[in-house]
Amino acid sequence: MNPSGLFADDFKPQSYWWETAMPMQTAETDFPAETDVLIVGAGYTGLNAALQTARTGMTTLIIDAEALGWGCSTKNGGQVSTSIKPGYATLRRRYGEDIATAIMEEGQASLDYMRDLVRDEELDCDFRETGRFHGAHKPHLYATLEAECRSPHPVWKTDTFMVPKSEMASELGTDAYHGGIVYPHHSSIDVRKYHPALLAKVLAAGAVAKSHCRALSIERDGSGFSVLTSAGKVRAGKVILATNGYSGPLSSWHQRRIIPIGSYVIATEEIDSALIDRLFPTDRVLSDTRKLVYYYRLSPDRKRVVFGGRVSLAETDPKKSAVKLHKSMTALFPELADVKISHSWMGFVGYSFDTLAHVGEDRGLYHAMGYCGSGVGMASYLGMRMGVKAAGLEKTPSAFERISWTSRPLYYGKPWFLAPSVMVYRLRDRFGI
């Protein structure tokens with residue numbers, strides 16, 4: 001399809017999830033002069049932290065530079081996993097067996113937390129244990145996945161099973177993969193519903209949330225902080241930074257450690273149900289062995305494909321990236337070549353140089369960020385942990401507090417190395433390295 005005919009007549013350069021749930025705007029909210037805890041960022045991290053602090057009786061103010069949840073919390077793919085990118089062997093080489101095991105346990109805890117949160121809070125967000133199919137995009141990578149499946153994981157009970165190429169039709173209607181592995185406990189949520197449901201719980205707990213209120217500076221003020229915002233100054237006993245890929249210059253220390261990377265997503269127009277059933281016989285979340293990740297799934301109503309990836313050498317606009325994503329999607333599923341794009345959008349995920357999340361505290365200034373593209377469960381879980389810590393109830397440090405968080409020389413928040421890195425990963429993907 002030529003790019004001029006690629007877009008549906010009602011195409012929108014915005015998140016598909018916003019069709020039924022636009023991020024909330026609360027700019028008219030009264031702005032307190034003082035609060036026990038100020039949370040910067042109203043995404044999954046900030047809201048889960050606020051749920052803890054507000055319920056312990058701490059006055060809690062949440063501010064966001066845009067509408068509440070405007071960032072990746074309403075732009076992600078709705079996939080929930082164990083959220084740890086490095087393998088156990090890599091972590092053991094870096095940190096030793098004790099910390100490696102503890103990090104892996106936190107990954108499992110993040111998935112368990114999401115399931116328990118949705119159940120205990122009765123959040124209407126269509127959380128489902130759909131499982132993940134992870135495809136081998138090169139023949140030799142199937143053997144790598146098979147070896148993983150045969151060897152029991154040292155920490156997780158994965159219950160994984162292999163799907164050989166001869167049985168691919170049971171998982172996906174594509175010849176592009178040489179089989180793959182299924183992680184049956186990975187899950188999905190309806191992105192349209194999770195953030196609004198969580199926000200409602202936070203507000204009911206007594207927290208105050210103010211949108212379009214950018215934090216401009218944070219200064220220590222006696223035993224607390226004086227925070228200048230676009231709506232005025234507020235004094236806070238404690239501050240939680242929950243900004244992840246949108247951290248920016250508010251704290252130069254954190255900016256040097258967070259790499260904002262654009263992640264791009266398209267949603268297709270509605271597709272004939274018979275074709276959907278043939279190409280996507282299950283409701284699993286989907287990914288593959290490429291370094292330049294593809295992540296995709298069906299919309300919760302099984303009418304559209306939501307397809308995401310990192311397809312740009314340099315950050316660009318969603319309409320340009322839509323062309324590349326559509327090409328990648330149809331390389332996997334040629335039968336979708338004539339299906340048009342209804343929505344295209346992007347968000348900034350927060351990476352760290354060690355591809356791990358990080359949490360910590362410096363005399364009342366808390367942070368949780370660096371989810372490396374697996375933030376639905378991990379952001380929720382670590383936000384909760386920082387909220388509990390800020391409330392004075394956390395006695396056992398997170399494994400992510402036990403590892404150092406380093407930067408790199410010459411990095412000050414602008415990822416000048418991103419374009420060459422993408423080129424290297426693209427070359428590695430070509431050969432399956």
# chains A, B, ... in the order shown; residues from 1 in each chain; ligands from 1
call {"tool": "residues_around", "arguments": {"residues": "Gly387 of chain A", "least_positions_apart": "6", "cutoff": "12 Å", "atoms": "only C-alpha atoms", "output": "NGL selection string"}}
result
:A and (37-39 or 44-56 or 58 or 60 or 238-242 or 359-361 or 364-368 or 379-381 or 393-394)
call {"tool": "residues_around", "arguments": {"residues": "segment 70-85 of chain A", "least_positions_apart": "2", "cutoff": "6 Å", "atoms": "only C-alpha atoms", "output": "list of chain:residue names"}}
result
A:Ser15, A:Pro23, A:Gly43, A:Ala67, A:Leu68, A:Gly107, A:Gln108, A:Leu111, A:His186, A:Ser187, A:Ser188, A:Ile189, A:Val191, A:Gly347, A:Ser374, A:Val376, A:Gly377
call {"tool": "atom_distance", "arguments": {"atom1": "atom CA of Gln25 of chain A", "atom2": "atom CA of Leu123 of chain A"}}
result
20.9 Å
call {"tool": "select_by_dssp", "arguments": {"residues": "segment 171-253 of chain A", "states": "helix (DSSP H, G or I)", "output": "ChimeraX atom specification"}}
result
/A:191-204,244-246,248-250,252-253
call {"tool": "write_last_selection", "arguments": {"atoms": "N, CA and C atoms", "output": "PDB file, in the first residue's frame"}}
result
ATOM      1  N   VAL A 191      -5.680  -0.836  28.598  1.00  0.00           N
ATOM      2  CA  VAL A 191      -5.024   0.428  28.967  1.00  0.00           C
ATOM      3  C   VAL A 191      -6.049   1.536  29.150  1.00  0.00           C
ATOM      4  N   ARG A 192      -7.161   1.453  28.437  1.00  0.00           N
ATOM      5  CA  ARG A 192      -8.209   2.474  28.567  1.00  0.00           C
ATOM      6  C   ARG A 192      -8.795   2.515  29.967  1.00  0.00           C
ATOM      7  N   LYS A 193      -8.697   1.388  30.696  1.00  0.00           N
ATOM      8  CA  LYS A 193      -9.417   1.264  31.956  1.00  0.00           C
ATOM      9  C   LYS A 193      -8.527   1.304  33.196  1.00  0.00           C
ATOM     10  N   TYR A 194      -7.283   0.826  33.073  1.00  0.00           N
ATOM     11  CA  TYR A 194      -6.454   0.676  34.274  1.00  0.00           C
ATOM     12  C   TYR A 194      -6.147   2.018  34.934  1.00  0.00           C
ATOM     13  N   HIS A 195      -5.610   2.961  34.181  1.00  0.00           N
ATOM     14  CA  HIS A 195      -5.237   4.243  34.790  1.00  0.00           C
ATOM     15  C   HIS A 195      -6.435   4.971  35.387  1.00  0.00           C
ATOM     16  N   PRO A 196      -7.566   5.124  34.670  1.00  0.00           N
ATOM     17  CA  PRO A 196      -8.716   5.799  35.296  1.00  0.00           C
ATOM     18  C   PRO A 196      -9.225   5.091  36.545  1.00  0.00           C
ATOM     19  N   ALA A 197      -9.227   3.751  36.542  1.00  0.00           N
ATOM     20  CA  ALA A 197      -9.708   3.016  37.709  1.00  0.00           C
ATOM     21  C   ALA A 197      -8.781   3.230  38.896  1.00  0.00           C
ATOM     22  N   LEU A 198      -7.473   3.209  38.638  1.00  0.00           N
ATOM     23  CA  LEU A 198      -6.499   3.423  39.703  1.00  0.00           C
ATOM     24  C   LEU A 198      -6.576   4.854  40.224  1.00  0.00           C
ATOM     25  N   LEU A 199      -6.714   5.819  39.330  1.00  0.00           N
ATOM     26  CA  LEU A 199      -6.818   7.216  39.738  1.00  0.00           C
ATOM     27  C   LEU A 199      -8.041   7.432  40.626  1.00  0.00           C
ATOM     28  N   ALA A 200      -9.150   6.807  40.296  1.00  0.00           N
ATOM     29  CA  ALA A 200     -10.356   6.951  41.111  1.00  0.00           C
ATOM     30  C   ALA A 200     -10.116   6.451  42.530  1.00  0.00           C
ATOM     31  N   LYS A 201      -9.391   5.347  42.679  1.00  0.00           N
ATOM     32  CA  LYS A 201      -9.079   4.819  44.007  1.00  0.00           C
ATOM     33  C   LYS A 201      -8.192   5.791  44.792  1.00  0.00           C
ATOM     34  N   VAL A 202      -7.213   6.385  44.102  1.00  0.00           N
ATOM     35  CA  VAL A 202      -6.287   7.319  44.746  1.00  0.00           C
ATOM     36  C   VAL A 202      -7.028   8.556  45.237  1.00  0.00           C
ATOM     37  N   LEU A 203      -7.910   9.094  44.401  1.00  0.00           N
ATOM     38  CA  LEU A 203      -8.672  10.282  44.802  1.00  0.00           C
ATOM     39  C   LEU A 203      -9.636   9.942  45.942  1.00  0.00           C
ATOM     40  N   ALA A 204     -10.212   8.756  45.908  1.00  0.00           N
ATOM     41  CA  ALA A 204     -11.110   8.342  46.985  1.00  0.00           C
ATOM     42  C   ALA A 204     -10.363   8.179  48.302  1.00  0.00           C
ATOM     43  N   ASN A 244      10.037   8.837  35.188  1.00  0.00           N
ATOM     44  CA  ASN A 244      10.556   7.847  34.251  1.00  0.00           C
ATOM     45  C   ASN A 244      11.074   8.483  32.955  1.00  0.00           C
ATOM     46  N   GLY A 245      10.522   8.138  31.798  1.00  0.00           N
ATOM     47  CA  GLY A 245      11.033   8.647  30.521  1.00  0.00           C
ATOM     48  C   GLY A 245      10.791  10.116  30.291  1.00  0.00           C
ATOM     49  N   TYR A 246      10.069  10.765  31.196  1.00  0.00           N
ATOM     50  CA  TYR A 246       9.765  12.193  31.080  1.00  0.00           C
ATOM     51  C   TYR A 246      10.466  12.987  32.181  1.00  0.00           C
ATOM     52  N   GLY A 248      13.493  14.656  32.496  1.00  0.00           N
ATOM     53  CA  GLY A 248      13.970  15.985  32.133  1.00  0.00           C
ATOM     54  C   GLY A 248      14.922  16.587  33.143  1.00  0.00           C
ATOM     55  N   PRO A 249      15.027  17.923  33.131  1.00  0.00           N
ATOM     56  CA  PRO A 249      16.064  18.600  33.923  1.00  0.00           C
ATOM     57  C   PRO A 249      15.701  18.885  35.376  1.00  0.00           C
ATOM     58  N   LEU A 250      14.562  18.413  35.859  1.00  0.00           N
ATOM     59  CA  LEU A 250      14.151  18.729  37.227  1.00  0.00           C
ATOM     60  C   LEU A 250      15.219  18.316  38.233  1.00  0.00           C
ATOM     61  N   SER A 252      19.111  16.948  37.916  1.00  0.00           N
ATOM     62  CA  SER A 252      20.191  16.624  36.985  1.00  0.00           C
ATOM     63  C   SER A 252      20.790  15.250  37.277  1.00  0.00           C
ATOM     64  N   TRP A 253      20.796  14.841  38.549  1.00  0.00           N
ATOM     65  CA  TRP A 253      21.350  13.536  38.908  1.00  0.00           C
ATOM     66  C   TRP A 253      20.546  12.428  38.242  1.00  0.00           C
TER      67      TRP A 253
END
call {"tool": "select_by_dssp", "arguments": {"residues": "segment 116-264 of chain A", "states": "strand (DSSP E or B)", "output": "PyMOL selection string"}}
result
chain A and resi 128+132-135+161-163+180-183+187-188+208-210+215-221+224-229+232-241+259-264
call {"tool": "closest_residue", "arguments": {"among": "A:Gly206, A:Gly131, A:Gly309, A:Pro415", "to": "Val285 of chain A", "atoms": "only C-alpha atoms"}}
result
A:Gly131
call {"tool": "closest_residue", "arguments": {"among": "A:Pro281, A:Gly413, A:Gly237, A:Gly432", "to": "Thr144 of chain A", "atoms": "only C-alpha atoms"}}
result
A:Gly432
call {"tool": "residues_around", "arguments": {"residues": "Thr26 of chain A", "least_positions_apart": "6", "cutoff": "12 Å", "atoms": "only C-alpha atoms", "output": "list in words"}}
result
Ala42, Ile62, Ile63, Asp64, Ala65, Glu66, Ala67, Leu68, Gly69, Leu203, Val208, Ala209, Lys210, Ser211, His212 and Cys213 of chain A
call {"tool": "closest_residue", "arguments": {"among": "A:Ser251, A:Glu148, A:His140, A:Tyr371", "to": "Ile433 of chain A", "atoms": "only C-alpha atoms"}}
result
A:His140
call {"tool": "residues_around", "arguments": {"residues": "Gly373 of chain A", "least_positions_apart": "6", "cutoff": "8 Å", "atoms": "only C-alpha atoms", "output": "PyMOL selection string"}}
result
chain A and resi 349-351
call {"tool": "closest_residue", "arguments": {"among": "A:Cys149, A:Ala102, A:Met369, A:Gly375", "to": "Thr396 of chain A", "atoms": "only C-alpha atoms"}}
result
A:Ala102
